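Engineer: Sending over a structure as C-alpha cells; questions will come in a sec.
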Amino acid sequence: MLRVEGLEASYGRIQVLWGVSLRARRGELTALIGPNGAGKTTTLLAIMGAVRERSGSVEFMGRRVERLPTHRIVELGLCLVPEGRDVFPNMTVEENLLLGAYTKRARRKLHDSLDWVYQLFPLLKERRGQMAGTLSGGEQQMLAMARGIMARPKMLMLDEPSLGLAPKMVLKVFEVLEELRDEGLSMLLVEQNVYHALELASRGYVLERGRIVLEGSGDELLENGYIRGAYLGEV
Ligand SMILES: Nc1ncnc2c1ncn2[C@@H]1O[C@H](COP(=O)(O)OP(=O)(O)OP(=O)(O)O)[C@@H](O)[C@H]1O
Ligand SMILES: [Mg+2]
C-alpha cells in the first residue's frame, strides 16, 4: 500500500536520511523502530511531504505522491498522528474530534466515525464536553489518536503514541492499536516501546543513523539476537 524507495532528507546542510526504503502492506501494522535521533520522525514527515529537502520516491496505493503537497496526500487517505500531543487545549474533546474529520470523505462519515472513536475510547465519550487542555497527558494522546481516526485514513501513521505515558496508559494505547489492526486498518507505527510494537507488527524495520539496518517479520525481529540485546535489554 505504501512503498518508499531511496528516501533521503536533510535539514540545511545536515543529511539525516540516507536511502530509506520500506513497504507497508494493506491491513497490516508495520513497525519502524530505532534509537533517538535515528530519523524516524523525519521519515514520516518526509513521506507526508513535510520536509523541504528530500529525494526518493513514495508510492501510496499505486500512485506516486512525492511531489504532492501534504494536504493532497491526506486527501488520498494517508494520515499522520504526530509526535507529542498537539490537541487544541481551549476546545472541547468533541470539537477536537470534529476537526479531525476535515476531508470530504471524512465529513460524509462523520457520525459513524464519532460513534466508532467513542467506542474505542469510552473515556473520551465521558469527557466529550471537557476542554482538551484539562485532560491528562495520556488522555490527550488518546484524543490525538482518535482525531487521526476521524480523518478516516486508508493508512494511519503514528509517531510514538505511547511516549511519556504511565504504564497503564501505554497498555491502553497498545490495546487500541491491536483493535484497529484487527479491524483491518493499515498502520505504520513508530515506537520506542519495541516489544509491544513488534508483537503487533506483521513486519518491522530498524532505522539507525538514517539507514534501515535490519528488517523482518515481527516475530523474526523479536527473536533476533541484535534486537534482543540492543532494544529489548537482554544480554
Ligand atoms: N527541524 C529540524 N532541523 C534540524 N535538524 C533536525 C530537525 N528535526 C530533526 N533534526 C535532526 O535530525 C535527526 C533525526 O531526527 P528525528 O526527529 O527524525 O529522529 P527520531 O528518530 O524521530 O528521534 P526521537 O526518537 O528522538 O523522536 C536528529 O539528529 C535531529 O537532531
Ligand atoms: Mg521522533
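Naming works like this for the C-alpha cells: A, B, ... for the chains as they're shown, residue 1 at the start of each chain, ligands 1 onward in shown order.
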Excluding Val4 in chain A and its own-chain neighbours fewer than 5 positions away, which residues fall within 9 Å of it when counting only C-alpha atoms? Please give them as a PyMOL selection string.
Structural biologist: chain A and resi 20-24+47+56-60
Engineer: Keeping N, CA and C atoms for every residue in the selection just given, could you write it to a file as a PDB file, in the first residue's frame?
Structural biologist:
```pdb
ATOM      1  N   VAL A  20      16.424   5.482   2.574  1.00  0.00           N
ATOM      2  CA  VAL A  20      15.493   4.629   3.326  1.00  0.00           C
ATOM      3  C   VAL A  20      14.455   4.012   2.381  1.00  0.00           C
ATOM      4  N   SER A  21      14.340   2.694   2.417  1.00  0.00           N
ATOM      5  CA  SER A  21      13.314   2.000   1.631  1.00  0.00           C
ATOM      6  C   SER A  21      12.491   1.135   2.563  1.00  0.00           C
ATOM      7  N   LEU A  22      11.200   1.222   2.427  1.00  0.00           N
ATOM      8  CA  LEU A  22      10.344   0.351   3.230  1.00  0.00           C
ATOM      9  C   LEU A  22       8.975   0.212   2.576  1.00  0.00           C
ATOM     10  N   ARG A  23       8.284  -0.827   2.994  1.00  0.00           N
ATOM     11  CA  ARG A  23       6.930  -1.073   2.500  1.00  0.00           C
ATOM     12  C   ARG A  23       5.987  -1.291   3.650  1.00  0.00           C
ATOM     13  N   ALA A  24       4.756  -0.841   3.487  1.00  0.00           N
ATOM     14  CA  ALA A  24       3.731  -1.144   4.474  1.00  0.00           C
ATOM     15  C   ALA A  24       2.532  -1.687   3.716  1.00  0.00           C
ATOM     16  N   ILE A  47       7.645  11.335   4.161  1.00  0.00           N
ATOM     17  CA  ILE A  47       6.600  10.614   3.415  1.00  0.00           C
ATOM     18  C   ILE A  47       5.406  11.544   3.176  1.00  0.00           C
ATOM     19  N   GLY A  56      13.931  10.807  -3.495  1.00  0.00           N
ATOM     20  CA  GLY A  56      13.471   9.421  -3.388  1.00  0.00           C
ATOM     21  C   GLY A  56      12.015   9.346  -3.783  1.00  0.00           C
ATOM     22  N   SER A  57      11.471   8.138  -3.840  1.00  0.00           N
ATOM     23  CA  SER A  57      10.092   8.026  -4.291  1.00  0.00           C
ATOM     24  C   SER A  57       9.185   7.481  -3.197  1.00  0.00           C
ATOM     25  N   VAL A  58       7.943   7.951  -3.224  1.00  0.00           N
ATOM     26  CA  VAL A  58       6.924   7.491  -2.288  1.00  0.00           C
ATOM     27  C   VAL A  58       5.694   7.132  -3.115  1.00  0.00           C
ATOM     28  N   GLU A  59       5.280   5.880  -3.005  1.00  0.00           N
ATOM     29  CA  GLU A  59       4.108   5.431  -3.743  1.00  0.00           C
ATOM     30  C   GLU A  59       3.047   5.041  -2.729  1.00  0.00           C
ATOM     31  N   PHE A  60       1.848   5.599  -2.886  1.00  0.00           N
ATOM     32  CA  PHE A  60       0.755   5.271  -1.977  1.00  0.00           C
ATOM     33  C   PHE A  60      -0.423   4.787  -2.812  1.00  0.00           C
TER      34      PHE A  60
END
```
Engineer: Could you pull the residues within 12 Å of range 28-30 of chain A, counting only C-alpha atoms, minus those fewer than 6 positions along the same chain, as a PyMOL selection string?
Structural biologist: chain A and resi 1-3+22+154-158+174+177-191+196-206+215-218
Engineer: Which residues are near ligand 2 - at most 7 Å, using only C-alpha atoms and all ligand atoms? Format: as number ranges by chain.
Structural biologist: A: 36-37, 39-41, 83, 159
Engineer: Dump as CSV the rows for residues of chain A within 8 Å of ligand 1: closest atom pair and distance in Å with one decimal, only C-alpha atoms and all ligand atoms counted, ordered by chain and rising residue number.
Structural biologist:
```
residue,atom,partner,partner_atom_place_in_ligand_line,distance
A:Ser10,CA,ligand 1,12 (O),7.7
A:Tyr11,CA,ligand 1,4 (C),4.8
A:Gly12,CA,ligand 1,4 (C),7.1
A:Ile14,CA,ligand 1,5 (N),7.2
A:Gln15,CA,ligand 1,12 (O),7.7
A:Val16,CA,ligand 1,12 (O),5.4
A:Leu17,CA,ligand 1,14 (C),7.9
A:Gly34,CA,ligand 1,21 (O),6.4
A:Pro35,CA,ligand 1,25 (O),5.6
A:Asn36,CA,ligand 1,25 (O),3.3
A:Gly37,CA,ligand 1,19 (O),3.5
A:Ala38,CA,ligand 1,21 (O),3.8
A:Gly39,CA,ligand 1,18 (O),3.1
A:Lys40,CA,ligand 1,21 (O),3.7
A:Thr41,CA,ligand 1,22 (O),3.6
A:Thr42,CA,ligand 1,18 (O),3.6
A:Thr43,CA,ligand 1,18 (O),6.4
A:Glu83,CA,ligand 1,27 (O),7.5
A:Asp159,CA,ligand 1,22 (O),7.9
A:Glu160,CA,ligand 1,27 (O),7.6
A:Gln192,CA,ligand 1,25 (O),7.1
A:Leu207,CA,ligand 1,21 (O),7.8
A:Arg209,CA,ligand 1,14 (C),7.8
A:Gly210,CA,ligand 1,14 (C),7.4
```
Engineer: Which parts of range 38-139 of chain A does DSSP call strand (DSSP E) when run on the backbone here, written out as a ChimeraX atom specification?
Structural biologist: /A:53-60,63-64,78-81
Engineer: Which residues in range 11-206 of chain A does DSSP call alpha helix (DSSP H)? List them as a ChimeraX atom specification.
Structural biologist: /A:40-47,70-76,93-100,104-108,110-120,122-126,137-150,167-182,194-200
Engineer: Using Å and a single decimal, report how far CA of Lys104 in chain A sits from CA of Gly84 in chain A.
Structural biologist: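 Computing it gives 26.3 Å between the two atoms.
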Engineer: List the neighbours of range 131-146 of chain A out to 8 Å using only C-alpha atoms; skip same-chain residues closer than 4 positions along the sequence, and give me the result as a list in words.
Structural biologist: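 Listing them by chain and then by number gives Val81, Gly84, Arg85, Asp86, Val87, Phe88, Pro89, Asn90, Met91, Thr92, Val93, Asn96, Leu97, Val117, Phe121, Leu124, Met150, Leu158, Pro161, Ser162, Leu165, Ala166, Met169 and Val173 of chain A.
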Engineer: Kindly export the residues of the current selection with C-alpha atoms, as a PDB file, in the first residue's frame.
Structural biologist:
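Below is the file result12.pdb, written as the result:
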```pdb
ATOM      1  CA  VAL A  81      -0.682  11.369  14.141  1.00  0.00           C
ATOM      2  CA  GLY A  84       3.602  14.880  21.112  1.00  0.00           C
ATOM      3  CA  ARG A  85       0.033  15.692  21.913  1.00  0.00           C
ATOM      4  CA  ASP A  86      -0.941  18.549  19.796  1.00  0.00           C
ATOM      5  CA  VAL A  87      -4.573  18.891  20.631  1.00  0.00           C
ATOM      6  CA  PHE A  88      -6.309  22.257  20.808  1.00  0.00           C
ATOM      7  CA  PRO A  89      -6.365  22.913  24.561  1.00  0.00           C
ATOM      8  CA  ASN A  90      -9.151  25.515  24.549  1.00  0.00           C
ATOM      9  CA  MET A  91     -11.564  23.421  22.582  1.00  0.00           C
ATOM     10  CA  THR A  92     -13.626  20.569  23.906  1.00  0.00           C
ATOM     11  CA  VAL A  93     -12.796  16.941  23.280  1.00  0.00           C
ATOM     12  CA  ASN A  96     -11.120  18.447  18.602  1.00  0.00           C
ATOM     13  CA  LEU A  97     -12.558  15.235  17.183  1.00  0.00           C
ATOM     14  CA  VAL A 117     -13.976   6.514  18.284  1.00  0.00           C
ATOM     15  CA  PHE A 121     -12.141   5.351  23.696  1.00  0.00           C
ATOM     16  CA  LEU A 124     -13.314  10.425  25.538  1.00  0.00           C
ATOM     17  CA  MET A 150     -11.759  10.761  12.482  1.00  0.00           C
ATOM     18  CA  LEU A 158       1.591   7.128  14.261  1.00  0.00           C
ATOM     19  CA  PRO A 161       1.882   7.238  20.552  1.00  0.00           C
ATOM     20  CA  SER A 162       2.976   5.746  23.886  1.00  0.00           C
ATOM     21  CA  LEU A 165       2.752   7.739  29.255  1.00  0.00           C
ATOM     22  CA  ALA A 166       2.200   5.889  32.524  1.00  0.00           C
ATOM     23  CA  MET A 169      -1.932   4.198  29.603  1.00  0.00           C
ATOM     24  CA  VAL A 173      -2.707   2.664  23.675  1.00  0.00           C
TER      25      VAL A 173
END
```
Engineer: In Å, with one decimal, what is the gap from CA of Lys109 in chain A to CA of Arg26 in chain A?
Structural biologist: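 CA of Arg26 in chain A lies at a distance of 20.9 Å from CA of Lys109 in chain A.
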Engineer: Near Glu75 in chain A, counting only C-alpha atoms, which residues have an atom at most 10 Å away, once you skip same-chain residues fewer than 2 positions from it, shown as a list in words?
Structural biologist: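 Contacts, with the query itself left out: Thr70, His71, Arg72, Ile73, Gly77, Leu78, Cys79, Tyr102, Thr103, Lys104, Arg105, Ala106, Ala151, Arg152, Pro153 and Lys154 of chain A.
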